[in-house]
Amino acid sequence: MREDHFFDEIQKKFSDVIITSDLYSQPFAGIYDTFQAGEEELSLFLSLAMESGNKVLELCCGNGRMTIPFAQNGFDITGIDVSEDMLSILEDKKKRLPASIAKKIHVLRQDVFSLDLKGQFDFIFLPAITLCILMDDLEKTAELFGRLEGLLTERGCFAFDIRDYEQLSEPRIRPIVLDDQICFSYERIDRMLGRAYGQFLSIKKDSIGRLQLYSAVSNKKMILEDELQQLIGRTNFQIAGKESFADGSERMKLVILKRKEETPWKQ
């Protein structure tokens, strides 16, 4: 059986018992605890924050993969996410941290497309190639970038990462085991449509030991260089730098934005 048919066969045979779930809700939300911030990834984001200032805003923070290390490195960080389950995990983690670190973390449940924040931040970042999900709506994403400009201090910067689709490992089914749960994932790349389609299947025991099946999907846009330039061209940002880092066997691109420099008026 081809690997990409594995999930189709499961769906056919067990359609009457499979529970369709959102990828950022339980039981899948807990799976994200198996993904720790990569050393190179974390180092790049932390370095940018250190150059910018102490007050940090993390968009789509999830269950705190990057949030907690930032607080542990002394930053005052606000984490925004729309998933109640993911933020619940982050809040539980926060309670187990030393008080001196926990007080540096501020968690808000908000949709990034309708941010309601006061004050400004020295550094804003959007990790975990989340832009590849948001970019389905160019207009709303450009509007978001416009809001972020207003939330940055004068010398602040905004950074995000996207996947380098020129360098991809061969897709395969990946099993992840977590306590009483096993999750299988598979991603199919469609270069003609410019999409990366993920399929996820979780097998988990309920409170009385019965097995339950959950399925979820993801749909990410393969962001090309001209599309990125088109997005940034609709904002008052300019690219201040780019970096590359490894995420397992794959490569990611880190993009750093700052406000456009105003041209002095001349007589």
# chains A, B, ... in the order shown; residues from 1 in each chain; ligands from 1

call {"tool": "residues_around", "arguments": {"residues": "Phe184 (chain A)", "least_positions_apart": "5", "cutoff": "6 Å", "atoms": "only C-alpha atoms", "output": "VMD selection string"}}
result
chain A and resid 174 to 175 200 to 201

call {"tool": "write_last_selection", "arguments": {"atoms": "N, CA and C atoms", "output": "compact mmCIF listing (two decimals), in the first residue's frame"}}
result
# COMPACT_ATOMS: atom_id res chain seq x y z
N ARG A 174 4.89 9.24 9.89
CA ARG A 174 5.66 9.44 11.11
C ARG A 174 4.80 9.06 12.33
N PRO A 175 5.24 8.09 13.12
CA PRO A 175 4.50 7.75 14.35
C PRO A 175 5.04 8.54 15.55
N PHE A 200 -3.49 13.39 9.74
CA PHE A 200 -3.13 12.98 11.08
C PHE A 200 -4.18 12.01 11.61
N LEU A 201 -3.72 10.94 12.25
CA LEU A 201 -4.61 9.95 12.84
C LEU A 201 -4.12 9.66 14.25

call {"tool": "residues_around", "arguments": {"residues": "region 18-24 of chain A", "least_positions_apart": "2", "cutoff": "12 Å", "atoms": "only C-alpha atoms", "output": "PyMOL selection string"}}
result
chain A and resi 7+10-16+26-33+60-63+81-89+183+185+198-204+211-219

call {"tool": "residues_around", "arguments": {"residues": "Ile133 (chain A)", "least_positions_apart": "4", "cutoff": "12 Å", "atoms": "only C-alpha atoms", "output": "list in words"}}
result
Cys60, Val112, Leu126, Pro127, Ala128, Ile129, Asp137, Leu138, Lys140, Thr141, Asp161, Ile162, Arg163, Arg195, Ala196, Tyr197, Gly198, Ser218, Asn219, Lys220, Lys221, Met222 and Ile223 of chain A

call {"tool": "select_by_dssp", "arguments": {"residues": "region 70-262 of chain A", "states": "strand (DSSP E)", "output": "VMD selection string"}}
result
chain A and resid 76 to 81 105 to 109 121 to 126 152 to 163 174 to 178 181 to 190 195 to 205 211 to 221 237 to 247 250 to 259

call {"tool": "closest_residue", "arguments": {"among": "A:Lys258, A:Arg191, A:Lys103, A:Arg251", "to": "Phe237 (chain A)", "atoms": "only C-alpha atoms"}}
result
A:Lys258

call {"tool": "residues_around", "arguments": {"residues": "Ala71 (chain A)", "least_positions_apart": "6", "cutoff": "12 Å", "atoms": "only C-alpha atoms", "output": "list in words"}}
result
Leu46, Ala49, Asn54, Lys55, Val56, Leu57, Glu58, Gly64, Arg65, Ile77, Thr78, Gly79, Lys94, Leu97, Pro98, Ala99, Ser100, Ile101, Ala102, Lys103, Lys104, Ile105 and His106 of chain A

call {"tool": "closest_residue", "arguments": {"among": "A:Glu91, A:Leu131, A:Glu250, A:Asp206", "to": "Pro171 (chain A)", "atoms": "only C-alpha atoms"}}
result
A:Glu250

call {"tool": "residues_around", "arguments": {"residues": "Asp122 (chain A)", "least_positions_apart": "2", "cutoff": "10 Å", "atoms": "only C-alpha atoms", "output": "PyMOL selection string"}}
result
chain A and resi 48-57+120+124+151-158

call {"tool": "closest_residue", "arguments": {"among": "A:Glu143, A:Asp164, A:Glu39, A:Asp111", "to": "Leu59 (chain A)", "atoms": "only C-alpha atoms"}}
result
A:Asp111

call {"tool": "closest_residue", "arguments": {"among": "A:Gln230, A:Gly74, A:Lys253, A:Arg259", "to": "Glu149 (chain A)", "atoms": "only C-alpha atoms"}}
result
A:Arg259

call {"tool": "select_by_dssp", "arguments": {"residues": "region 183-259 of chain A", "states": "helix (DSSP H, G or I)", "output": "PyMOL selection string"}}
result
chain A and resi 225-233

call {"tool": "write_last_selection", "arguments": {"atoms": "all heavy atoms", "output": "compact mmCIF listing (two decimals), in the first residue's frame"}}
result
# COMPACT_ATOMS: atom_id res chain seq x y z
N GLU A 225 9.07 33.17 -3.35
CA GLU A 225 9.73 34.46 -3.11
C GLU A 225 8.93 35.62 -3.66
O GLU A 225 8.81 36.67 -3.00
CB GLU A 225 11.13 34.44 -3.73
CG GLU A 225 11.95 35.70 -3.48
CD GLU A 225 12.25 35.94 -2.01
OE1 GLU A 225 12.35 34.95 -1.26
OE2 GLU A 225 12.39 37.11 -1.62
N ASP A 226 8.33 35.48 -4.85
CA ASP A 226 7.57 36.60 -5.41
C ASP A 226 6.30 36.86 -4.61
O ASP A 226 5.86 38.02 -4.48
CB ASP A 226 7.24 36.35 -6.88
CG ASP A 226 6.41 35.10 -7.10
OD1 ASP A 226 6.42 34.22 -6.22
OD2 ASP A 226 5.74 35.01 -8.15
N GLU A 227 5.71 35.82 -4.03
CA GLU A 227 4.52 36.01 -3.19
C GLU A 227 4.88 36.72 -1.89
O GLU A 227 4.13 37.57 -1.39
CB GLU A 227 3.87 34.66 -2.89
CG GLU A 227 3.29 33.98 -4.12
CD GLU A 227 2.82 32.58 -3.83
OE1 GLU A 227 3.58 31.82 -3.18
OE2 GLU A 227 1.70 32.22 -4.25
N LEU A 228 6.05 36.38 -1.36
CA LEU A 228 6.52 37.05 -0.15
C LEU A 228 6.78 38.52 -0.42
O LEU A 228 6.39 39.39 0.37
CB LEU A 228 7.79 36.36 0.35
CG LEU A 228 8.37 36.84 1.67
CD1 LEU A 228 7.38 36.65 2.80
CD2 LEU A 228 9.68 36.12 1.97
N GLN A 229 7.40 38.82 -1.55
CA GLN A 229 7.67 40.21 -1.91
C GLN A 229 6.37 40.98 -2.14
O GLN A 229 6.26 42.16 -1.79
CB GLN A 229 8.54 40.26 -3.18
CG GLN A 229 9.95 39.72 -2.99
CD GLN A 229 10.80 40.60 -2.10
OE1 GLN A 229 10.47 41.75 -1.82
NE2 GLN A 229 11.93 40.07 -1.65
N GLN A 230 5.37 40.31 -2.72
CA GLN A 230 4.07 40.93 -2.94
C GLN A 230 3.42 41.31 -1.62
O GLN A 230 2.86 42.40 -1.47
CB GLN A 230 3.16 39.99 -3.73
CG GLN A 230 1.78 40.59 -4.04
CD GLN A 230 0.87 39.60 -4.75
OE1 GLN A 230 1.24 38.46 -5.00
NE2 GLN A 230 -0.33 40.03 -5.04
N LEU A 231 3.49 40.39 -0.64
CA LEU A 231 2.91 40.66 0.67
C LEU A 231 3.61 41.84 1.33
O LEU A 231 2.95 42.79 1.78
CB LEU A 231 3.03 39.41 1.55
CG LEU A 231 2.72 39.60 3.04
CD1 LEU A 231 1.26 40.01 3.24
CD2 LEU A 231 3.03 38.32 3.81
N ILE A 232 4.93 41.80 1.39
CA ILE A 232 5.68 42.85 2.08
C ILE A 232 5.52 44.19 1.36
O ILE A 232 5.48 45.26 1.99
CB ILE A 232 7.16 42.45 2.20
CG1 ILE A 232 7.27 41.19 3.07
CG2 ILE A 232 7.99 43.59 2.79
CD1 ILE A 232 8.64 40.57 3.09
N GLY A 233 5.38 44.14 0.03
CA GLY A 233 5.18 45.37 -0.74
C GLY A 233 3.89 46.10 -0.41
O GLY A 233 3.75 47.29 -0.72

call {"tool": "residues_around", "arguments": {"residues": "Thr34 (chain A)", "least_positions_apart": "5", "cutoff": "10 Å", "atoms": "only C-alpha atoms", "output": "PyMOL selection string"}}
result
chain A and resi 65+176-178

call {"tool": "atom_distance", "arguments": {"atom1": "CA of Leu117 (chain A)", "atom2": "CA of Lys95 (chain A)"}}
result
23.8 Å

call {"tool": "closest_residue", "arguments": {"among": "A:Gly194, A:Val17, A:Ala246, A:Ala240", "to": "Glu261 (chain A)", "atoms": "only C-alpha atoms"}}
result
A:Ala240

call {"tool": "atom_distance", "arguments": {"atom1": "CA of Gln110 (chain A)", "atom2": "CA of Leu134 (chain A)"}}
result
14.5 Å
